[in-house]
Structures are given as C-alpha cells and as structure tokens.
>>> print(open('target04.txt').read())   # compact mmCIF, C-alpha atoms
# COMPACT_ATOMS: atom_id res chain seq x y z
CA MET A 1 0.00 0.00 0.00
CA SER A 2 1.21 3.49 -0.73
CA LEU A 3 2.38 5.73 2.08
CA ALA A 4 -0.79 7.81 2.06
CA VAL A 5 -4.20 6.85 0.72
CA ARG A 6 -5.57 9.13 -1.98
CA VAL A 7 -9.15 10.40 -2.11
CA ILE A 8 -10.34 10.83 -5.70
CA PRO A 9 -13.64 12.31 -6.91
CA CYS A 10 -14.77 10.84 -10.22
CA LEU A 11 -16.47 12.88 -12.91
CA ASP A 12 -18.58 10.53 -15.05
CA VAL A 13 -19.21 12.65 -18.14
CA ASP A 14 -21.80 12.26 -20.88
CA ALA A 15 -22.15 14.88 -23.64
CA GLY A 16 -20.04 17.35 -21.67
CA ARG A 17 -22.01 17.11 -18.40
CA VAL A 18 -21.31 15.19 -15.21
CA VAL A 19 -23.93 12.46 -14.76
CA LYS A 20 -24.62 9.73 -12.24
CA GLY A 21 -26.89 6.73 -12.19
CA VAL A 22 -27.01 3.22 -10.79
CA ASN A 23 -24.88 0.65 -12.64
CA PHE A 24 -24.30 3.31 -15.34
CA VAL A 25 -28.00 3.57 -16.28
CA ASP A 26 -30.85 5.97 -15.43
CA LEU A 27 -28.36 8.83 -15.61
CA VAL A 28 -29.19 12.16 -14.00
CA ASP A 29 -27.39 15.46 -14.52
CA ALA A 30 -24.99 16.35 -11.72
CA GLY A 31 -23.37 19.52 -13.05
CA ASP A 32 -20.61 21.11 -15.10
CA PRO A 33 -17.32 19.18 -14.96
CA VAL A 34 -15.14 22.28 -15.00
CA GLU A 35 -16.97 23.91 -12.10
CA MET A 36 -17.03 20.68 -10.11
CA ALA A 37 -13.34 20.06 -10.70
CA ARG A 38 -12.52 23.47 -9.25
CA VAL A 39 -14.58 22.71 -6.15
CA TYR A 40 -12.94 19.34 -5.56
CA ASP A 41 -9.48 20.82 -6.02
CA ALA A 42 -10.29 23.49 -3.44
CA GLU A 43 -11.72 20.88 -1.05
CA GLY A 44 -8.46 18.95 -0.98
CA ALA A 45 -8.97 16.11 -3.44
CA ASP A 46 -5.69 14.34 -4.18
CA GLU A 47 -6.52 13.61 -7.81
CA LEU A 48 -9.44 13.76 -10.21
CA THR A 49 -10.72 11.10 -12.57
CA PHE A 50 -12.69 12.08 -15.68
CA LEU A 51 -14.50 9.22 -17.43
CA ASP A 52 -16.45 9.75 -20.63
CA ILE A 53 -18.78 6.86 -19.83
CA THR A 54 -20.55 6.60 -23.18
CA ALA A 55 -17.53 7.11 -25.44
CA SER A 56 -17.02 3.39 -26.06
CA SER A 57 -20.66 2.32 -26.13
CA SER A 58 -21.57 5.03 -28.61
CA ASP A 59 -18.26 4.76 -30.52
CA ARG A 60 -17.44 8.42 -29.90
CA GLU A 61 -14.19 10.16 -29.03
CA THR A 62 -13.62 11.62 -25.60
CA THR A 63 -14.71 15.23 -25.40
CA TYR A 64 -11.30 16.88 -25.74
CA ASP A 65 -12.58 20.39 -25.18
CA VAL A 66 -14.08 19.51 -21.81
CA VAL A 67 -10.91 17.65 -20.82
CA ARG A 68 -8.79 20.65 -21.71
CA ARG A 69 -10.96 23.11 -19.79
CA THR A 70 -11.06 20.78 -16.78
CA ALA A 71 -7.28 20.36 -16.81
CA GLU A 72 -6.81 24.11 -16.98
CA SER A 73 -9.02 24.53 -13.90
CA VAL A 74 -7.18 22.28 -11.44
CA PHE A 75 -3.69 21.87 -10.04
CA ILE A 76 -3.95 18.21 -9.06
CA PRO A 77 -3.35 15.17 -11.30
CA LEU A 78 -6.12 14.42 -13.78
CA THR A 79 -6.81 10.92 -15.12
CA VAL A 80 -8.96 10.71 -18.25
CA GLY A 81 -10.65 7.68 -19.76
CA GLY A 82 -13.39 6.77 -22.20
CA GLY A 83 -13.03 5.92 -25.87
CA VAL A 84 -9.23 5.54 -25.73
CA ARG A 85 -8.38 3.14 -28.55
CA SER A 86 -4.86 3.99 -29.69
CA VAL A 87 -1.49 5.51 -28.87
CA ALA A 88 -2.64 8.55 -30.86
CA ASP A 89 -5.66 8.97 -28.57
CA VAL A 90 -3.36 8.91 -25.54
CA ASP A 91 -1.03 11.45 -27.11
CA ARG A 92 -3.92 13.79 -27.86
CA LEU A 93 -5.35 13.53 -24.34
CA LEU A 94 -1.95 14.20 -22.76
CA ARG A 95 -1.57 17.24 -25.00
CA ASN A 96 -4.98 18.43 -23.85
CA GLY A 97 -3.92 18.35 -20.21
CA ALA A 98 -4.46 14.83 -18.90
CA ASP A 99 -1.76 13.46 -16.60
CA LYS A 100 -2.81 9.81 -16.75
CA ILE A 101 -4.93 7.85 -19.22
CA ALA A 102 -7.39 5.09 -18.37
CA VAL A 103 -8.07 2.29 -20.85
CA ASN A 104 -10.92 -0.17 -20.61
CA THR A 105 -12.93 -1.63 -23.49
CA ALA A 106 -10.25 -1.21 -26.18
CA ALA A 107 -7.66 -2.94 -24.02
CA VAL A 108 -9.97 -5.88 -23.35
CA THR A 109 -10.51 -6.19 -27.10
CA ARG A 110 -6.80 -5.82 -27.91
CA PRO A 111 -4.52 -6.28 -24.88
CA GLU A 112 -1.43 -5.28 -26.89
CA LEU A 113 -2.70 -1.70 -26.62
CA ILE A 114 -1.49 -1.67 -23.01
CA ALA A 115 2.08 -2.53 -24.00
CA GLU A 116 2.01 -0.03 -26.86
CA ILE A 117 0.97 2.81 -24.56
CA ALA A 118 3.35 1.82 -21.75
CA ASP A 119 6.28 1.53 -24.17
CA ARG A 120 5.58 4.97 -25.65
CA PHE A 121 4.66 6.98 -22.57
CA GLY A 122 5.69 4.91 -19.53
CA ASN A 123 3.53 2.86 -17.19
CA GLN A 124 3.10 5.78 -14.78
CA VAL A 125 0.75 7.31 -17.36
CA LEU A 126 -1.41 4.21 -17.82
CA VAL A 127 -4.39 3.16 -15.71
CA LEU A 128 -6.45 0.02 -16.33
CA SER A 129 -10.09 0.92 -15.77
CA LEU A 130 -11.92 -2.30 -14.99
CA ASP A 131 -15.68 -2.67 -14.59
CA ALA A 132 -16.03 -6.03 -12.86
CA ARG A 133 -19.09 -7.90 -11.65
CA ARG A 134 -19.93 -11.21 -10.04
CA VAL A 135 -20.56 -13.89 -12.62
CA ARG A 136 -24.14 -14.64 -13.61
CA ASP A 137 -26.23 -16.27 -16.34
CA GLY A 138 -24.21 -19.46 -16.14
CA VAL A 139 -20.83 -17.78 -16.60
CA GLN A 140 -18.03 -19.30 -14.52
CA THR A 141 -14.61 -17.91 -13.67
CA ASP A 142 -12.00 -19.00 -11.13
CA SER A 143 -12.36 -15.77 -9.13
CA GLY A 144 -16.14 -15.53 -9.39
CA PHE A 145 -15.82 -12.13 -11.08
CA GLU A 146 -15.95 -11.27 -14.78
CA VAL A 147 -14.84 -8.34 -16.90
CA THR A 148 -17.54 -6.16 -18.46
CA THR A 149 -17.07 -3.64 -21.28
CA HIS A 150 -18.84 -0.73 -22.96
CA GLY A 151 -19.57 1.08 -19.71
CA GLY A 152 -20.56 -2.10 -17.93
CA ARG A 153 -23.13 -2.99 -20.55
CA ARG A 154 -21.55 -6.19 -21.89
CA GLY A 155 -20.31 -9.25 -20.04
CA THR A 156 -17.22 -10.93 -21.46
CA GLY A 157 -16.95 -14.16 -19.50
CA ARG A 158 -13.29 -13.30 -18.85
CA ASP A 159 -11.99 -13.65 -15.31
CA ALA A 160 -11.59 -10.15 -13.88
CA VAL A 161 -8.69 -11.04 -11.57
CA GLU A 162 -6.80 -12.86 -14.33
CA TRP A 163 -7.26 -9.80 -16.56
CA VAL A 164 -5.68 -7.52 -13.96
CA VAL A 165 -2.70 -9.88 -13.67
CA GLN A 166 -2.26 -9.89 -17.46
CA ALA A 167 -2.63 -6.10 -17.67
CA ALA A 168 0.00 -5.61 -14.95
CA GLN A 169 2.39 -7.83 -16.87
CA LEU A 170 1.73 -5.81 -20.03
CA GLY A 171 2.57 -2.54 -18.30
CA VAL A 172 -0.34 -0.79 -16.57
CA GLY A 173 0.84 1.32 -13.68
CA GLU A 174 -2.40 1.42 -11.73
CA VAL A 175 -5.84 -0.23 -11.66
CA LEU A 176 -9.15 1.58 -11.25
CA LEU A 177 -11.24 -1.27 -9.92
CA ASN A 178 -14.94 -0.54 -10.24
CA SER A 179 -17.56 -2.93 -8.92
CA MET A 180 -20.55 -2.92 -11.26
CA ASP A 181 -22.60 -4.68 -8.59
CA ALA A 182 -21.98 -1.87 -6.12
CA ASP A 183 -21.83 1.08 -8.54
CA GLY A 184 -24.22 3.84 -7.54
CA THR A 185 -25.84 1.77 -4.77
CA ARG A 186 -24.12 3.63 -1.90
CA ALA A 187 -24.10 0.33 0.00
CA GLY A 188 -20.33 0.14 0.46
CA PHE A 189 -17.33 -0.96 -1.59
CA ASP A 190 -17.03 -4.57 -2.76
CA THR A 191 -14.24 -5.60 -0.42
CA ASP A 192 -14.28 -9.19 -1.72
CA LEU A 193 -13.40 -7.92 -5.20
CA ILE A 194 -10.66 -5.62 -3.87
CA SER A 195 -9.13 -8.43 -1.79
CA ALA A 196 -9.25 -10.89 -4.68
CA VAL A 197 -7.30 -8.52 -6.93
CA ARG A 198 -4.87 -7.40 -4.21
CA ARG A 199 -3.85 -10.99 -3.54
CA GLU A 200 -2.61 -11.34 -7.11
CA VAL A 201 -0.97 -7.99 -8.02
CA THR A 202 1.17 -5.32 -6.40
CA VAL A 203 0.22 -2.38 -8.65
CA PRO A 204 -1.73 0.41 -6.91
CA LEU A 205 -5.48 -0.20 -6.71
CA ILE A 206 -8.15 2.49 -6.75
CA ALA A 207 -11.38 1.21 -5.19
CA SER A 208 -14.53 2.38 -6.96
CA GLY A 209 -18.22 1.67 -6.73
CA GLY A 210 -20.56 1.74 -3.75
CA ALA A 211 -19.37 4.62 -1.55
CA GLY A 212 -22.26 5.94 0.48
CA ALA A 213 -20.92 6.93 3.90
CA VAL A 214 -17.67 7.91 5.58
CA ASP A 215 -17.39 4.53 7.26
CA HIS A 216 -17.42 2.74 3.88
CA PHE A 217 -13.93 3.98 3.00
CA PRO A 218 -11.64 2.43 5.68
CA PRO A 219 -12.77 -1.16 4.86
CA ALA A 220 -11.81 -0.62 1.22
CA VAL A 221 -8.31 0.36 2.33
CA ALA A 222 -8.15 -2.59 4.72
CA ALA A 223 -9.06 -4.86 1.80
CA GLY A 224 -6.07 -3.57 -0.16
CA ALA A 225 -6.98 -0.29 -1.87
CA ASP A 226 -4.30 2.38 -2.23
CA ALA A 227 -6.86 5.03 -3.18
CA VAL A 228 -10.61 5.44 -2.81
CA LEU A 229 -12.84 6.95 -5.45
CA ALA A 230 -16.42 8.21 -5.26
CA ALA A 231 -18.79 10.14 -7.46
CA SER A 232 -22.43 10.70 -6.55
CA VAL A 233 -21.91 11.19 -2.81
CA PHE A 234 -19.56 14.05 -3.64
CA HIS A 235 -21.57 15.45 -6.56
CA PHE A 236 -24.81 15.72 -4.62
CA GLY A 237 -23.23 16.93 -1.40
CA GLN A 238 -23.84 13.93 0.87
CA LEU A 239 -20.11 13.85 1.62
CA ARG A 240 -17.22 16.24 1.26
CA VAL A 241 -13.68 15.25 0.43
CA GLY A 242 -12.63 16.51 3.86
CA ASP A 243 -15.22 14.28 5.56
CA VAL A 244 -13.73 11.22 3.93
CA LYS A 245 -10.18 12.21 4.81
CA GLN A 246 -11.15 12.82 8.43
CA GLY A 247 -12.89 9.46 8.57
CA LEU A 248 -9.87 7.68 7.16
CA ALA A 249 -7.53 9.46 9.55
CA ALA A 250 -9.77 8.58 12.50
CA ALA A 251 -9.53 4.93 11.42
CA GLY A 252 -5.75 5.14 11.46
CA VAL A 253 -5.33 5.36 7.69
CA PRO A 254 -2.54 7.71 6.53
CA ILE A 255 -3.85 10.48 4.28
CA ARG A 256 -2.26 13.27 2.31
CA GLN A 257 -2.34 16.63 4.03
CA GLU A 258 -2.81 19.81 2.04
CA ALA A 259 0.91 20.50 1.94
CA ASP A 260 1.59 16.98 0.66
CA ARG A 261 -0.82 16.96 -2.26
CA PRO A 262 0.92 16.44 -5.61
CA LEU A 263 0.56 19.39 -7.93
CA ARG A 264 0.72 19.20 -11.70
>>> encode(input="target04.txt", output="structure tokens")
Amino acid sequence: MSLAVRVIPCLDVDAGRVVKGVNFVDLVDAGDPVEMARVYDAEGADELTFLDITASSSDRETTYDVVRRTAESVFIPLTVGGGVRSVADVDRLLRNGADKIAVNTAAVTRPELIAEIADRFGNQVLVLSLDARRVRDGVQTDSGFEVTTHGGRRGTGRDAVEWVVQAAQLGVGEVLLNSMDADGTRAGFDTDLISAVRREVTVPLIASGGAGAVDHFPPAVAAGADAVLAASVFHFGQLRVGDVKQGLAAAGVPIRQEADRPLR
C-alpha cells in the first residue's frame, strides 16, 4: 500500500455534463465538470478522474474540449478515460492536459494496446479501468468475477482477476477497480473484489463503486486499496472530500495533508 491513501472524486461525463446513475444507467445530470473540478481541487482532493462513460458504447471520441478546460481549472493530477483506442488517442489527451490515461474496453478487445501505450509513454501514465461484476447467467470464472465492457453494458466471461494480472504484466501502472454490482448503490465498496485482486498484483489499486458513507472507506483500504474513489456522494453533497479524509484518519489510515498533495 502506498504511504498515504488518496481520495479521488470521479467525474462521469456524458455529452459534456457530469452524470450519475445506478450501474451506469438511469443517468441524471450532476453539473458542469469544470466547475465541479474546481470545487474538488479546493476541497483537498488528491486527484481527479474524468470518465467519458458513453464514449465506447456510442463509438465516440472523448470530449477533448471539456478535458482541456477541466485540466486548466485544477492543479492536481487528472486521469482521463473513455473511448481511448490507440497511442494517438493517448497522445492527444496528454496534449490536452491529462496526466494519466485510463483504458478499458479497447484494451480488453486488444490487450497489446497496453504494452504499446506503456512503451511509448511509460507505465506511470497508464491506468487500467476495470468494470467487474460477479458472474451470472451461467458464466463461470475462477475468481467468481468477470470483466464487463462498454460502460458495464456487456459481459465478457473473462476472469476479472486474471485480466488484472495480465494487464499488470503488459505494463499498466495502476488499476481503477470498479464494482458494477456496487456502482451507484451507496451500500459500500465490494471488499471481496478488492481483496481478490490485491492478492494477485502489487500495482496500486483504486477502489470504486458503492461509496455511500464515511465509514465505507476504511474497509476498502483494509481490503487492499491504495486510493478510494467516489462520485455521486460528492456530486450531490452527501459527503465532502474533507469528511472522507477525516474518517480515514480517524480509522488510522494515513492520508495526504494539504501541503503533501501532488501538484501538476
């Protein structure tokens, strides 16, 4: 685990607006990404993640203009994902202000993409964004979890834990581990999923999906997360970044203080 656990708000963006739903459906508008990024930066977020959640399912490029304006508005690291299919896409996003790039569907389809990006830009730039769920409909995997693609809309039958192991070998520097079963439910992180992945890889893990209360965050760290990510509880004001950091600190989890936050 890293020295200090990072707290990361996630901006799920559709058509230039932040949205949030349950399991990526029934989306409701949550605000302007640029304005929200400024707020989270001021509140002490350690990083920001910007995911264009319909870019792959609708076969559309990430909204570069919104990425650029968001990057210009914050001083903390910005990870961008959604519709990243090539080294050229990564290059363009980095030129538009992203610090790290998340790959998901395209990497599942063509794993060599991971090595291509890592070889060109370094693994510190590359995040594997994984939407995993418990197997169903007769699907079986060794871990009990499968990879989904296209914003969680399609099951693949591929073992989610095995995919993380392969991606780490190919060169990803970090894993954004999102539980599709927990996503948007505010019922707590899927600690079984986090633990299953942590047992197999040493790359940093960002826990995502299910945050609903301050006391949901320490168990995710105990299960093996190096960072904790949330969206709707921050967007709609149920929790503040500072609340989460205080809760983690009270549970004995090391957090980054204001003076320690990495600036871009």
>>> atom_distance(input="target04.txt", atom1="atom CA of A:Leu205", atom2="atom CA of A:Val80")
16.3 Å
>>> axis_aligned_box(input="target04.txt", around="stretch 189-195 of chain A", padding_each_side="8 Å", output="AutoDock Vina command-line options")
--center_x -13.2 --center_y -5.1 --center_z -2.8 --size_x 24.2 --size_y 24.2 --size_z 20.8
>>> atom_distance(input="target04.txt", atom1="atom CA of A:Phe75", atom2="atom CA of A:Glu174")
20.6 Å
>>> closest_atom_pairs(input="target04.txt", of="stretch 20-135 of chain A", to="stretch 227-230 of chain A", cutoff="10 Å", atoms="only C-alpha atoms", output="tab-separated table")
residue	atom	partner	partner_atom	distance
A:Asp46	CA	A:Ala227	CA	9.4
A:Glu47	CA	A:Leu229	CA	9.5
A:Leu48	CA	A:Leu229	CA	9.0
A:Thr49	CA	A:Leu229	CA	8.5
>>> closest_residue(input="target04.txt", among="A:Phe145, A:Trp163, A:Tyr64, A:Phe234", to="A:Leu11", atoms="only C-alpha atoms")
A:Phe234
>>> closest_residue(input="target04.txt", among="A:Val175, A:Val34, A:Val67, A:Gly212", to="A:Phe236", atoms="all atoms listed in the file")
A:Gly212
>>> atom_distance(input="target04.txt", atom1="atom CA of A:Ser86", atom2="atom CA of A:Ser179")
25.3 Å
>>> closest_residue(input="target04.txt", among="A:Val221, A:Gln246, A:Ala118, A:Glu72", to="A:Asn96", atoms="only C-alpha atoms")
A:Glu72
>>> closest_residue(input="target04.txt", among="A:Arg95, A:Arg68, A:Arg6, A:Arg154", to="A:Gly44", atoms="only C-alpha atoms")
A:Arg6
>>> residues_around(input="target04.txt", residues="A:Ala231", least_positions_apart="3", cutoff="9 Å", atoms="only C-alpha atoms", output="PyMOL selection string")
chain A and resi 8-12+20+184+208-209+211+234-236
>>> closest_residue(input="target04.txt", among="A:Arg17, A:Arg85, A:His150, A:Arg133", to="A:Ala182", atoms="all atoms listed in the file")
A:Arg133
>>> closest_residue(input="target04.txt", among="A:Val197, A:Leu51, A:Val66, A:Val203", to="A:Gln124", atoms="all atoms listed in the file")
A:Val203
>>> residues_around(input="target04.txt", residues="A:Thr191", least_positions_apart="6", cutoff="10 Å", atoms="only C-alpha atoms", output="number ranges by chain")
A: 179, 197, 207, 216, 219-225
>>> residues_near_point(input="target04.txt", point="(-14.6, -10.0, -4.0)", cutoff="9 Å", atoms="only C-alpha atoms", output="list of chain:residue names")
A:Arg134, A:Ser143, A:Gly144, A:Phe145, A:Asp190, A:Thr191, A:Asp192, A:Leu193, A:Ile194, A:Ser195, A:Ala196, A:Val197
>>> residues_around(input="target04.txt", residues="A:Gly173", least_positions_apart="2", cutoff="6 Å", atoms="all atoms listed in the file", output="number ranges by chain")
A: 123-124, 126-127
>>> residues_near_point(input="target04.txt", point="(5.3, 8.7, -20.0)", cutoff="12 Å", atoms="all atoms listed in the file", output="VMD selection string")
chain A and resid 87 90 to 91 94 98 to 101 116 to 127 171 to 173
>>> build_atoms(input="target04.txt", residues="stretch 146-170 of chain A", atoms="N, CA, C and O atoms", output="PDB file, in the frame of the given file")
ATOM      1  N   GLU A 146     -16.238 -11.375 -13.347  1.00  0.00           N
ATOM      2  CA  GLU A 146     -15.950 -11.270 -14.780  1.00  0.00           C
ATOM      3  C   GLU A 146     -15.771  -9.822 -15.197  1.00  0.00           C
ATOM      4  O   GLU A 146     -16.253  -8.894 -14.544  1.00  0.00           O
ATOM      5  N   VAL A 147     -15.056  -9.645 -16.294  1.00  0.00           N
ATOM      6  CA  VAL A 147     -14.840  -8.340 -16.900  1.00  0.00           C
ATOM      7  C   VAL A 147     -16.088  -7.954 -17.686  1.00  0.00           C
ATOM      8  O   VAL A 147     -16.667  -8.780 -18.395  1.00  0.00           O
ATOM      9  N   THR A 148     -16.505  -6.682 -17.572  1.00  0.00           N
ATOM     10  CA  THR A 148     -17.540  -6.160 -18.460  1.00  0.00           C
ATOM     11  C   THR A 148     -16.939  -5.013 -19.274  1.00  0.00           C
ATOM     12  O   THR A 148     -15.926  -4.423 -18.890  1.00  0.00           O
ATOM     13  N   THR A 149     -17.558  -4.719 -20.413  1.00  0.00           N
ATOM     14  CA  THR A 149     -17.070  -3.640 -21.280  1.00  0.00           C
ATOM     15  C   THR A 149     -18.214  -2.729 -21.670  1.00  0.00           C
ATOM     16  O   THR A 149     -19.361  -2.942 -21.290  1.00  0.00           O
ATOM     17  N   HIS A 150     -17.853  -1.694 -22.448  1.00  0.00           N
ATOM     18  CA  HIS A 150     -18.840  -0.730 -22.960  1.00  0.00           C
ATOM     19  C   HIS A 150     -19.649  -0.115 -21.815  1.00  0.00           C
ATOM     20  O   HIS A 150     -20.868  -0.142 -21.799  1.00  0.00           O
ATOM     21  N   GLY A 151     -18.907   0.434 -20.827  1.00  0.00           N
ATOM     22  CA  GLY A 151     -19.570   1.080 -19.710  1.00  0.00           C
ATOM     23  C   GLY A 151     -20.376   0.118 -18.861  1.00  0.00           C
ATOM     24  O   GLY A 151     -21.401   0.483 -18.297  1.00  0.00           O
ATOM     25  N   GLY A 152     -19.886  -1.115 -18.751  1.00  0.00           N
ATOM     26  CA  GLY A 152     -20.560  -2.100 -17.930  1.00  0.00           C
ATOM     27  C   GLY A 152     -21.744  -2.767 -18.599  1.00  0.00           C
ATOM     28  O   GLY A 152     -22.466  -3.542 -17.963  1.00  0.00           O
ATOM     29  N   ARG A 153     -21.939  -2.484 -19.876  1.00  0.00           N
ATOM     30  CA  ARG A 153     -23.130  -2.990 -20.550  1.00  0.00           C
ATOM     31  C   ARG A 153     -22.987  -4.418 -21.078  1.00  0.00           C
ATOM     32  O   ARG A 153     -23.983  -5.093 -21.321  1.00  0.00           O
ATOM     33  N   ARG A 154     -21.752  -4.869 -21.283  1.00  0.00           N
ATOM     34  CA  ARG A 154     -21.550  -6.190 -21.890  1.00  0.00           C
ATOM     35  C   ARG A 154     -20.665  -7.068 -21.024  1.00  0.00           C
ATOM     36  O   ARG A 154     -19.553  -6.670 -20.661  1.00  0.00           O
ATOM     37  N   GLY A 155     -21.148  -8.271 -20.725  1.00  0.00           N
ATOM     38  CA  GLY A 155     -20.310  -9.250 -20.040  1.00  0.00           C
ATOM     39  C   GLY A 155     -19.366  -9.894 -21.041  1.00  0.00           C
ATOM     40  O   GLY A 155     -19.675  -9.995 -22.234  1.00  0.00           O
ATOM     41  N   THR A 156     -18.198 -10.319 -20.563  1.00  0.00           N
ATOM     42  CA  THR A 156     -17.220 -10.930 -21.460  1.00  0.00           C
ATOM     43  C   THR A 156     -16.953 -12.395 -21.132  1.00  0.00           C
ATOM     44  O   THR A 156     -16.404 -13.120 -21.969  1.00  0.00           O
ATOM     45  N   GLY A 157     -17.293 -12.819 -19.920  1.00  0.00           N
ATOM     46  CA  GLY A 157     -16.950 -14.160 -19.500  1.00  0.00           C
ATOM     47  C   GLY A 157     -15.496 -14.318 -19.085  1.00  0.00           C
ATOM     48  O   GLY A 157     -15.069 -15.388 -18.663  1.00  0.00           O
ATOM     49  N   ARG A 158     -14.725 -13.247 -19.200  1.00  0.00           N
ATOM     50  CA  ARG A 158     -13.290 -13.300 -18.850  1.00  0.00           C
ATOM     51  C   ARG A 158     -13.122 -13.048 -17.354  1.00  0.00           C
ATOM     52  O   ARG A 158     -13.756 -12.161 -16.780  1.00  0.00           O
ATOM     53  N   ASP A 159     -12.252 -13.795 -16.742  1.00  0.00           N
ATOM     54  CA  ASP A 159     -11.990 -13.650 -15.310  1.00  0.00           C
ATOM     55  C   ASP A 159     -11.382 -12.279 -15.025  1.00  0.00           C
ATOM     56  O   ASP A 159     -10.333 -11.922 -15.582  1.00  0.00           O
ATOM     57  N   ALA A 160     -12.024 -11.522 -14.149  1.00  0.00           N
ATOM     58  CA  ALA A 160     -11.590 -10.150 -13.880  1.00  0.00           C
ATOM     59  C   ALA A 160     -10.218 -10.118 -13.206  1.00  0.00           C
ATOM     60  O   ALA A 160      -9.382  -9.254 -13.514  1.00  0.00           O
ATOM     61  N   VAL A 161      -9.969 -11.040 -12.281  1.00  0.00           N
ATOM     62  CA  VAL A 161      -8.690 -11.040 -11.570  1.00  0.00           C
ATOM     63  C   VAL A 161      -7.566 -11.445 -12.522  1.00  0.00           C
ATOM     64  O   VAL A 161      -6.482 -10.850 -12.521  1.00  0.00           O
ATOM     65  N   GLU A 162      -7.812 -12.455 -13.352  1.00  0.00           N
ATOM     66  CA  GLU A 162      -6.800 -12.860 -14.330  1.00  0.00           C
ATOM     67  C   GLU A 162      -6.472 -11.715 -15.294  1.00  0.00           C
ATOM     68  O   GLU A 162      -5.317 -11.555 -15.709  1.00  0.00           O
ATOM     69  N   TRP A 163      -7.482 -10.925 -15.642  1.00  0.00           N
ATOM     70  CA  TRP A 163      -7.260  -9.800 -16.560  1.00  0.00           C
ATOM     71  C   TRP A 163      -6.358  -8.756 -15.912  1.00  0.00           C
ATOM     72  O   TRP A 163      -5.466  -8.195 -16.558  1.00  0.00           O
ATOM     73  N   VAL A 164      -6.547  -8.476 -14.642  1.00  0.00           N
ATOM     74  CA  VAL A 164      -5.680  -7.520 -13.960  1.00  0.00           C
ATOM     75  C   VAL A 164      -4.235  -8.021 -13.943  1.00  0.00           C
ATOM     76  O   VAL A 164      -3.297  -7.258 -14.177  1.00  0.00           O
ATOM     77  N   VAL A 165      -4.057  -9.304 -13.674  1.00  0.00           N
ATOM     78  CA  VAL A 165      -2.700  -9.880 -13.670  1.00  0.00           C
ATOM     79  C   VAL A 165      -2.051  -9.718 -15.041  1.00  0.00           C
ATOM     80  O   VAL A 165      -0.891  -9.289 -15.149  1.00  0.00           O
ATOM     81  N   GLN A 166      -2.797 -10.030 -16.098  1.00  0.00           N
ATOM     82  CA  GLN A 166      -2.260  -9.890 -17.460  1.00  0.00           C
ATOM     83  C   GLN A 166      -1.938  -8.431 -17.765  1.00  0.00           C
ATOM     84  O   GLN A 166      -0.872  -8.118 -18.326  1.00  0.00           O
ATOM     85  N   ALA A 167      -2.840  -7.519 -17.393  1.00  0.00           N
ATOM     86  CA  ALA A 167      -2.630  -6.100 -17.670  1.00  0.00           C
ATOM     87  C   ALA A 167      -1.403  -5.567 -16.938  1.00  0.00           C
ATOM     88  O   ALA A 167      -0.638  -4.757 -17.473  1.00  0.00           O
ATOM     89  N   ALA A 168      -1.189  -6.031 -15.707  1.00  0.00           N
ATOM     90  CA  ALA A 168       0.000  -5.610 -14.950  1.00  0.00           C
ATOM     91  C   ALA A 168       1.268  -6.090 -15.637  1.00  0.00           C
ATOM     92  O   ALA A 168       2.271  -5.366 -15.710  1.00  0.00           O
ATOM     93  N   GLN A 169       1.227  -7.301 -16.161  1.00  0.00           N
ATOM     94  CA  GLN A 169       2.390  -7.830 -16.870  1.00  0.00           C
ATOM     95  C   GLN A 169       2.657  -7.043 -18.157  1.00  0.00           C
ATOM     96  O   GLN A 169       3.810  -6.868 -18.562  1.00  0.00           O
ATOM     97  N   LEU A 170       1.594  -6.560 -18.786  1.00  0.00           N
ATOM     98  CA  LEU A 170       1.730  -5.810 -20.030  1.00  0.00           C
ATOM     99  C   LEU A 170       2.181  -4.369 -19.807  1.00  0.00           C
ATOM    100  O   LEU A 170       2.656  -3.716 -20.736  1.00  0.00           O
TER     101      LEU A 170
END
